[in-house]
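Text of the file query_21.pdb, holding PDB, C-alpha atoms:
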```pdb
ATOM      1  CA  LEU V   1       0.000   0.000   0.000
ATOM      2  CA  ALA V   2       1.001   3.651  -0.247
ATOM      3  CA  GLY V   3       3.512   4.727   2.363
ATOM      4  CA  GLY V   4       5.049   1.297   2.743
ATOM      5  CA  ASN V   5       2.165  -0.304   4.641
ATOM      6  CA  TRP V   6       0.983  -3.792   3.679
ATOM      7  CA  VAL V   7      -1.993  -6.091   4.195
ATOM      8  CA  VAL V   8      -2.288  -9.867   3.890
ATOM      9  CA  ILE V   9      -5.742 -11.496   3.601
ATOM     10  CA  ASP V  10      -6.387 -15.196   3.023
ATOM     11  CA  PRO V  11      -9.556 -16.805   1.577
ATOM     12  CA  ASP V  12     -10.940 -17.325   5.106
ATOM     13  CA  ASN V  13     -10.677 -13.587   5.904
ATOM     14  CA  ARG V  14      -7.705 -13.959   8.205
ATOM     15  CA  ILE V  15      -5.832 -10.649   8.228
ATOM     16  CA  ASP V  16      -2.396  -9.363   9.057
ATOM     17  CA  SER V  17      -1.251  -5.811   8.468
ATOM     18  CA  SER V  18       1.516  -3.379   9.285
ATOM     19  CA  ASN V  19      -1.214  -0.937  10.333
ATOM     20  CA  LEU V  20      -3.938  -2.506  12.467
ATOM     21  CA  GLY V  21      -5.826   0.775  12.749
ATOM     22  CA  ALA V  22      -7.989   2.643  10.290
ATOM     23  CA  ASN V  23      -6.933   2.309   6.664
ATOM     24  CA  PRO V  24      -9.006   4.534   4.366
ATOM     25  CA  ALA V  25      -7.823   2.662   1.265
ATOM     26  CA  LEU V  26      -9.549  -0.581   2.277
ATOM     27  CA  HIS V  27     -13.143  -1.607   2.995
ATOM     28  CA  TRP V  28     -15.121  -4.829   3.184
ATOM     29  CA  VAL V  29     -18.029  -5.309   0.780
ATOM     30  CA  MET V  30     -20.700  -7.755   1.990
ATOM     31  CA  ASP V  31     -22.710  -9.937  -0.379
ATOM     32  CA  ASP V  32     -25.937  -9.120   1.426
ATOM     33  CA  ASP V  33     -25.315  -5.346   1.598
ATOM     34  CA  PRO V  34     -22.982  -4.390  -1.276
ATOM     35  CA  LEU V  35     -23.845  -0.680  -1.227
ATOM     36  CA  ARG V  36     -22.663  -0.164   2.347
ATOM     37  CA  PRO V  37     -18.905  -0.836   2.597
ATOM     38  CA  VAL V  38     -17.638  -1.663   6.072
ATOM     39  CA  PRO V  39     -14.437   0.089   7.261
ATOM     40  CA  PHE V  40     -11.446  -2.230   7.201
ATOM     41  CA  ASP V  41     -10.557  -2.003  10.889
ATOM     42  CA  THR V  42     -14.050  -2.849  12.180
ATOM     43  CA  VAL V  43     -13.370  -6.584  11.811
ATOM     44  CA  MET V  44      -9.620  -6.568  12.430
ATOM     45  CA  ARG V  45     -10.037  -7.890  15.983
ATOM     46  CA  ALA V  46     -12.137 -10.810  14.799
ATOM     47  CA  PHE V  47      -9.777 -12.015  12.073
ATOM     48  CA  HIS V  48      -6.308 -10.727  12.936
ATOM     49  CA  THR V  49      -3.711 -13.511  12.670
ATOM     50  CA  PRO V  50      -0.152 -12.394  13.512
ATOM     51  CA  ASP V  51       2.565 -13.617  11.113
ATOM     52  CA  LEU V  52      -0.098 -14.823   8.687
ATOM     53  CA  LEU V  53       2.084 -14.782   5.569
ATOM     54  CA  PRO V  54       4.996 -16.803   7.055
ATOM     55  CA  GLN V  55       2.500 -19.369   8.356
ATOM     56  CA  ILE V  56       0.981 -19.715   4.878
ATOM     57  CA  PHE V  57       4.421 -20.158   3.293
ATOM     58  CA  GLU V  58       5.453 -22.753   5.865
ATOM     59  CA  GLY V  59       2.509 -24.925   4.835
ATOM     60  CA  GLY V  60       0.937 -27.559   7.005
ATOM     61  CA  THR V  61       0.321 -25.038   9.782
ATOM     62  CA  ASP V  62      -3.128 -25.506  11.268
ATOM     63  CA  LEU V  63      -4.565 -22.011  11.405
ATOM     64  CA  GLY V  64      -7.873 -23.252  12.765
ATOM     65  CA  SER V  65     -11.322 -22.473  11.455
ATOM     66  CA  THR V  66     -12.913 -19.062  11.179
ATOM     67  CA  THR V  67     -16.493 -17.891  11.006
ATOM     68  CA  ARG V  68     -17.385 -16.400   7.652
ATOM     69  CA  LEU V  69     -17.489 -12.627   7.750
ATOM     70  CA  ALA V  70     -21.021 -12.628   6.344
ATOM     71  CA  ASP V  71     -22.129 -14.881   9.220
ATOM     72  CA  ARG V  72     -20.924 -12.489  11.900
ATOM     73  CA  SER V  73     -23.300  -9.936  13.331
ATOM     74  CA  ARG V  74     -22.560  -6.464  12.053
ATOM     75  CA  VAL V  75     -24.927  -4.821  14.507
ATOM     76  CA  THR V  76     -22.660  -3.111  17.014
ATOM     77  CA  PRO V  77     -23.255  -1.339  20.322
ATOM     78  CA  GLN V  78     -23.650   2.410  20.397
ATOM     79  CA  VAL V  79     -20.811   4.177  22.195
ATOM     80  CA  SER V  80     -20.895   7.774  23.394
ATOM     81  CA  ILE V  81     -18.539  10.014  25.331
ATOM     82  CA  ASP V  82     -20.938  11.812  27.643
ATOM     83  CA  GLN V  83     -18.639  14.173  29.509
ATOM     84  CA  VAL V  84     -15.036  15.264  29.933
ATOM     85  CA  GLU V  85     -14.285  17.440  32.964
ATOM     86  CA  PRO V  86     -11.249  18.360  35.082
ATOM     87  CA  MET V  87     -10.583  16.465  38.286
ATOM     88  CA  PRO V  88     -11.257  18.755  41.298
ATOM     89  CA  GLY V  89      -8.096  20.667  42.158
ATOM     90  CA  LYS V  90      -6.068  18.846  39.496
ATOM     91  CA  PRO V  91      -6.185  20.743  36.183
ATOM     92  CA  GLU V  92      -3.700  18.322  34.613
ATOM     93  CA  LEU V  93      -6.145  15.409  35.099
ATOM     94  CA  VAL V  94      -9.654  14.807  33.752
ATOM     95  CA  ARG V  95     -12.454  12.321  34.230
ATOM     96  CA  VAL V  96     -14.196  10.920  31.155
ATOM     97  CA  ARG V  97     -17.660   9.339  31.267
ATOM     98  CA  VAL V  98     -18.421   6.822  28.518
ATOM     99  CA  SER V  99     -21.661   4.931  27.840
ATOM    100  CA  VAL V 100     -22.174   1.767  25.801
ATOM    101  CA  THR V 101     -25.667   0.693  24.726
ATOM    102  CA  PRO V 102     -26.254  -2.675  23.017
ATOM    103  CA  GLN V 103     -28.364  -2.536  19.851
ATOM    104  CA  SER V 104     -30.901  -5.021  18.496
ATOM    105  CA  ALA V 105     -30.635  -6.749  15.136
ATOM    106  CA  ALA V 106     -33.567  -7.388  12.802
ATOM    107  CA  ASP V 107     -34.093 -10.784  14.416
ATOM    108  CA  SER V 108     -34.232  -9.078  17.856
ATOM    109  CA  ARG V 109     -30.902 -10.548  18.927
ATOM    110  CA  SER V 110     -28.785  -8.152  20.964
ATOM    111  CA  SER V 111     -25.471  -7.013  19.592
ATOM    112  CA  GLY V 112     -23.928  -7.516  23.018
ATOM    113  CA  ALA V 113     -21.155  -5.217  24.217
ATOM    114  CA  GLN V 114     -17.597  -5.953  25.240
ATOM    115  CA  ASP V 115     -14.085  -4.554  25.494
ATOM    116  CA  LEU V 116     -14.546  -0.791  25.804
ATOM    117  CA  ARG V 117     -11.466   1.228  24.821
ATOM    118  CA  LEU V 118     -10.749   4.925  25.517
ATOM    119  CA  PHE V 119      -8.074   6.858  23.620
ATOM    120  CA  ARG V 120      -6.496  10.293  24.142
ATOM    121  CA  ASN V 121      -5.108  11.768  20.932
ATOM    122  CA  GLY V 122      -4.971   8.259  19.472
ATOM    123  CA  ARG V 123      -3.233   6.651  22.458
ATOM    124  CA  LEU V 124      -4.995   4.032  24.605
ATOM    125  CA  VAL V 125      -5.440   5.445  28.118
ATOM    126  CA  ALA V 126      -8.219   3.343  29.702
ATOM    127  CA  TYR V 127     -10.360   0.270  29.103
ATOM    128  CA  ALA V 128     -13.087  -1.879  30.652
ATOM    129  CA  PRO V 129     -13.466  -4.526  31.922
ATOM    130  CA  GLU V 130     -10.076  -5.210  33.497
ATOM    131  CA  LYS V 131      -9.920  -8.500  31.600
ATOM    132  CA  ASP V 132     -11.315  -8.743  28.076
ATOM    133  CA  GLY V 133     -14.941  -9.754  28.060
ATOM    134  CA  ALA V 134     -18.544  -8.640  28.222
ATOM    135  CA  LEU V 135     -19.547  -5.340  29.778
ATOM    136  CA  GLU V 136     -22.104  -5.493  32.594
ATOM    137  CA  ILE V 137     -25.244  -3.837  31.249
ATOM    138  CA  ASP V 138     -27.421  -2.085  33.830
ATOM    139  CA  SER V 139     -30.862  -3.714  33.767
ATOM    140  CA  LYS V 140     -32.604  -0.408  34.517
ATOM    141  CA  THR V 141     -30.873   1.862  32.017
ATOM    142  CA  GLY V 142     -30.034  -0.794  29.418
ATOM    143  CA  ARG V 143     -26.499   0.519  29.114
ATOM    144  CA  PHE V 144     -23.017   0.273  30.566
ATOM    145  CA  THR V 145     -21.560   3.491  31.967
ATOM    146  CA  ARG V 146     -18.033   3.963  33.229
ATOM    147  CA  THR V 147     -16.303   7.110  34.460
ATOM    148  CA  PHE V 148     -12.563   6.868  33.896
ATOM    149  CA  GLU V 149     -10.770   9.128  36.373
ATOM    150  CA  ASN V 150      -7.291  10.644  36.547
ATOM    151  CA  ILE V 151      -6.695  10.672  32.794
ATOM    152  CA  ARG V 152      -3.607  12.836  32.333
ATOM    153  CA  LEU V 153      -3.660  15.647  29.785
ATOM    154  CA  PRO V 154      -0.650  16.398  27.575
ATOM    155  CA  ALA V 155       1.276  19.520  28.491
ATOM    156  CA  GLY V 156       0.722  22.680  26.508
ATOM    157  CA  GLY V 157      -2.955  23.441  26.923
ATOM    158  CA  GLY V 158      -4.043  22.584  23.366
ATOM    159  CA  THR V 159      -7.278  20.863  22.425
ATOM    160  CA  VAL V 160      -7.309  17.187  23.361
ATOM    161  CA  SER V 161      -9.272  14.640  21.333
ATOM    162  CA  PHE V 162     -10.838  11.669  23.102
ATOM    163  CA  GLN V 163     -12.130   8.631  21.183
ATOM    164  CA  ALA V 164     -13.911   5.502  22.394
ATOM    165  CA  TYR V 165     -15.235   2.299  20.883
ATOM    166  CA  ALA V 166     -16.391  -1.167  21.926
ATOM    167  CA  PHE V 167     -17.118  -4.493  20.204
ATOM    168  CA  ASN V 168     -20.190  -6.650  19.709
ATOM    169  CA  SER V 169     -20.345 -10.312  20.735
ATOM    170  CA  ASP V 170     -18.819 -11.334  17.390
ATOM    171  CA  ARG V 171     -15.853  -9.010  17.984
ATOM    172  CA  VAL V 172     -16.883  -6.523  15.316
ATOM    173  CA  ARG V 173     -15.969  -2.981  16.309
ATOM    174  CA  SER V 174     -18.507  -0.230  16.883
ATOM    175  CA  LYS V 175     -18.396   3.229  15.366
ATOM    176  CA  VAL V 176     -15.881   5.503  17.043
ATOM    177  CA  ALA V 177     -17.283   8.105  19.437
ATOM    178  CA  ALA V 178     -15.273  11.316  19.769
ATOM    179  CA  MET V 179     -15.212  14.462  21.882
ATOM    180  CA  ASP V 180     -12.726  17.320  21.968
ATOM    181  CA  PHE V 181     -11.715  18.930  25.259
ATOM    182  CA  LYS V 182     -10.073  22.331  25.660
ATOM    183  CA  PRO V 183      -8.369  22.873  29.046
ATOM    184  CA  SER V 184      -9.399  26.117  30.689
ATOM    185  CA  LYS V 185      -5.762  26.992  31.396
ATOM    186  CA  LEU V 186      -2.277  25.956  30.366
ATOM    187  CA  VAL V 187      -1.352  22.571  31.806
ATOM    188  CA  MET V 188       2.161  22.623  33.208
ATOM    189  CA  LEU V 189       3.366  19.133  34.054
ATOM    190  CA  PRO V 190       6.443  18.395  36.152
ATOM    191  CA  ARG V 191       9.371  17.371  33.990
ATOM    192  CA  GLY V 192      10.164  13.685  34.321
ATOM    193  CA  LYS V 193      13.404  11.781  34.719
ATOM    194  CA  ALA V 194      15.076  10.014  31.778
ATOM    195  CA  TYR V 195      17.216   6.914  32.208
ATOM    196  CA  VAL V 196      19.825   5.965  29.626
ATOM    197  CA  LEU V 197      20.802   2.301  29.976
ATOM    198  CA  ALA V 198      23.732   1.069  27.864
ATOM    199  CA  ILE V 199      25.128  -2.461  28.004
ATOM    200  CA  GLY V 200      28.457  -3.518  26.537
ATOM    201  CA  VAL V 201      29.797  -7.085  26.735
ATOM    202  CA  ASN V 202      33.232  -8.039  25.431
ATOM    203  CA  ALA V 203      33.868 -10.991  27.767
ATOM    204  CA  TYR V 204      31.461 -13.852  28.500
ATOM    205  CA  ASP V 205      31.646 -16.751  30.929
ATOM    206  CA  GLY V 206      31.412 -18.938  27.863
ATOM    207  CA  GLN V 207      34.654 -18.168  26.029
ATOM    208  CA  ALA V 208      33.211 -19.184  22.667
ATOM    209  CA  PHE V 209      31.086 -16.006  22.688
ATOM    210  CA  ASN V 210      34.044 -13.647  23.106
ATOM    211  CA  THR V 211      33.940 -12.282  19.560
ATOM    212  CA  LEU V 212      33.403  -8.581  20.272
ATOM    213  CA  ALA V 213      36.220  -6.235  21.166
ATOM    214  CA  TYR V 214      34.488  -2.848  21.024
ATOM    215  CA  ALA V 215      31.090  -3.390  22.677
ATOM    216  CA  VAL V 216      32.081  -1.796  25.972
ATOM    217  CA  ASN V 217      33.549   1.279  24.308
ATOM    218  CA  ASP V 218      30.457   1.601  22.106
ATOM    219  CA  ALA V 219      28.183   1.426  25.151
ATOM    220  CA  ARG V 220      30.132   4.204  26.867
ATOM    221  CA  LEU V 221      29.992   6.448  23.789
ATOM    222  CA  ILE V 222      26.279   5.800  23.214
ATOM    223  CA  SER V 223      25.506   6.535  26.851
ATOM    224  CA  THR V 224      27.419   9.826  26.721
ATOM    225  CA  GLN V 225      25.952  10.977  23.409
ATOM    226  CA  VAL V 226      22.337  10.074  24.149
ATOM    227  CA  ALA V 227      22.484  11.657  27.604
ATOM    228  CA  ALA V 228      23.966  14.847  26.170
ATOM    229  CA  SER V 229      21.258  14.987  23.505
ATOM    230  CA  LEU V 230      18.495  14.581  26.090
ATOM    231  CA  LYS V 231      19.977  17.300  28.280
ATOM    232  CA  ARG V 232      20.169  19.708  25.341
ATOM    233  CA  ALA V 233      16.526  19.053  24.478
ATOM    234  CA  GLY V 234      15.559  20.172  27.986
ATOM    235  CA  GLU V 235      12.434  17.980  28.142
ATOM    236  CA  PHE V 236      13.496  16.169  31.311
ATOM    237  CA  GLY V 237      14.297  17.491  34.744
ATOM    238  CA  GLU V 238      17.081  14.940  35.195
ATOM    239  CA  VAL V 239      18.982  12.528  32.964
ATOM    240  CA  VAL V 240      20.474   9.449  34.655
ATOM    241  CA  THR V 241      22.996   7.246  32.848
ATOM    242  CA  VAL V 242      23.578   3.599  33.759
ATOM    243  CA  THR V 243      26.278   1.631  31.949
ATOM    244  CA  LEU V 244      26.754  -2.098  32.504
ATOM    245  CA  GLU V 245      30.067  -3.413  31.207
ATOM    246  CA  SER V 246      31.943  -6.699  30.904
ATOM    247  CA  GLU V 247      35.583  -6.473  29.800
ATOM    248  CA  GLY V 248      37.096  -9.515  31.496
ATOM    249  CA  ALA V 249      36.986 -11.934  34.396
ATOM    250  CA  GLY V 250      36.213 -10.210  37.677
ATOM    251  CA  ARG V 251      35.447  -6.901  35.971
ATOM    252  CA  SER V 252      31.854  -7.392  34.954
ATOM    253  CA  SER V 253      28.838  -5.354  35.992
ATOM    254  CA  ALA V 254      26.898  -6.708  32.990
ATOM    255  CA  THR V 255      25.894 -10.026  34.520
ATOM    256  CA  LYS V 256      22.656 -11.682  33.471
ATOM    257  CA  ALA V 257      21.211 -11.136  36.948
ATOM    258  CA  ARG V 258      22.050  -7.401  36.979
ATOM    259  CA  ILE V 259      20.707  -6.853  33.469
TER     260      ILE V 259
END
```
Here is the file; what I need is its structure written in the form of structure tokens.
Amino acid sequence: LAGGNWVVIDPDNRIDSSNLGANPALHWVMDDDPLRPVPFDTVMRAFHTPDLLPQIFEGGTDLGSTTRLADRSRVTPQVSIDQVEPMPGKPELVRVRVSVTPQSAADSRSSGAQDLRLFRNGRLVAYAPEKDGALEIDSKTGRFTRTFENIRLPAGGGTVSFQAYAFNSDRVRSKVAAMDFKPSKLVMLPRGKAYVLAIGVNAYDGQAFNTLAYAVNDARLISTQVAASLKRAGEFGEVVTVTLESEGAGRSSATKARI
């Protein structure tokens, strides 16, 4: 695909891709509803098979059976982001309330609802339940509602985009709900601490592995250069360097246990 991405699909709809998210170049077209293409990533969870192409080339690998895409329910739960508000006294943190409502298919079967995911600017920041599975639907309201607290905002005070989605019982993804949030004032976060860990091993306990003569020196140089670069960038309050080295018997801080 354009940009160097790739997709592999086998006759049973197993999928592998370098980009498991939205891909505007690809859609599924269903035999029973050809005029309504389904976005590519809505069924990725149901059919994703890591290392699909190597397994096909190896031959004889039992990939197991799959349910035909047309046989899976495409009725998905409705997801909404109801509210985003600052945590009391903590302008750098927000709470986000999300609701998931199962929908009914033409045959009155429920779509079910499972595996709610919440994203901040495209990065996963919260999910429910703690282990993958069905969401507990409230019998009175007919929906699942969860307030995710202490979601950290990025520094800078710009508009933050929140997105959420869930899956139906056949692991087909819902439409993505979205809400933008503009902090009322600039969020200034404390600068963190960066650790630079470099490991160089010239000498091993097993003498047959002693084929490198410059690993220790390389580790020292990398540690110095990376630390200096981080300090110049000024994004961290402190930069800590840790170098583990093994140059010979009795002079090794790069033991397996310490690493």
Item to check | Picked residues, the PyMOL selection byres ((chain V and resi 134) around 9), as a PyMOL selection string | outcome: chain V and resi 112-115+129+132-133+135-137+168-169
Checklist entry - Quick one: distance from atom CA of V:Gly248 to atom CA of V:Ile199 in Å, one decimal? => result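 About the pair atom CA of V:Gly248 and atom CA of V:Ile199: they are 14.3 Å apart.
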Return as lines of an AutoDock Vina configuration file the centre and edge lengths, in Å with one decimal, of the box along x, y and z that encloses every atom of stretch 174-178 of chain V in the file, padded by 6 Å per side.
```
center_x = -16.9
center_y = 5.5
center_z = 17.6
size_x = 15.2
size_y = 23.5
size_z = 16.4
```
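Residues surrounding V:Phe181 within 7 Å are Val84, Thr159, Val160 and Ser161 of chain V [all atoms listed in the file; sequence separation below 5 positions excluded].
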Stretch 136-226 of chain V residues near stretch 33-56 of chain V within 9 Å, closest pair each, using only C-alpha atoms, as JSON lines:
```
{"residue": "V:Phe167", "atom": "CA", "partner": "V:Thr42", "partner_atom": "CA", "distance": 8.7}
{"residue": "V:Asp170", "atom": "CA", "partner": "V:Ala46", "partner_atom": "CA", "distance": 7.2}
{"residue": "V:Arg171", "atom": "CA", "partner": "V:Ala46", "partner_atom": "CA", "distance": 5.2}
{"residue": "V:Val172", "atom": "CA", "partner": "V:Val43", "partner_atom": "CA", "distance": 5.0}
{"residue": "V:Arg173", "atom": "CA", "partner": "V:Thr42", "partner_atom": "CA", "distance": 4.6}
{"residue": "V:Ser174", "atom": "CA", "partner": "V:Thr42", "partner_atom": "CA", "distance": 7.0}
{"residue": "V:Lys175", "atom": "CA", "partner": "V:Thr42", "partner_atom": "CA", "distance": 8.1}
```
Checklist entry - How would you write as a list in words the residues that get within 12 Å of (21.5, -9.7, 33.5) in the file's frame, counting all atoms listed in the file? => result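 Taken together, the residues in range are Ile199, Gly200, Val201, Tyr204, Leu244, Glu245, Ser246, Ser252, Ser253, Ala254, Thr255, Lys256, Ala257, Arg258 and Ile259 of chain V.
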Checklist entry - In Å, how far is it from atom CA of V:Thr66 to atom CA of V:Asp31? => result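 About the pair atom CA of V:Thr66 and atom CA of V:Asp31: they are 17.7 Å apart.
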Checklist entry - Using all atoms listed in the file, which of V:Ser73, V:Ser184, V:Ser111, V:Thr243 sits nearest V:Ala198? => result V:Thr243
Checklist entry - Quick one: of V:Val94, V:Ala203, V:Leu197, V:Ala177, who's nearest to V:Glu149, counting all atoms listed in the file? => result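 Among the listed residues, V:Val94 lies closest to V:Glu149.
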Next on the checklist: Take the PyMOL selection byres ((chain V and resi 178) around 8), run it mentally on this structure, and tell me the resulting residues as a list in words.
Outcome noted: Ser80, Ile81, Ser161, Phe162, Gln163, Ala164, Val176, Ala177, Met179 and Asp180 of chain V
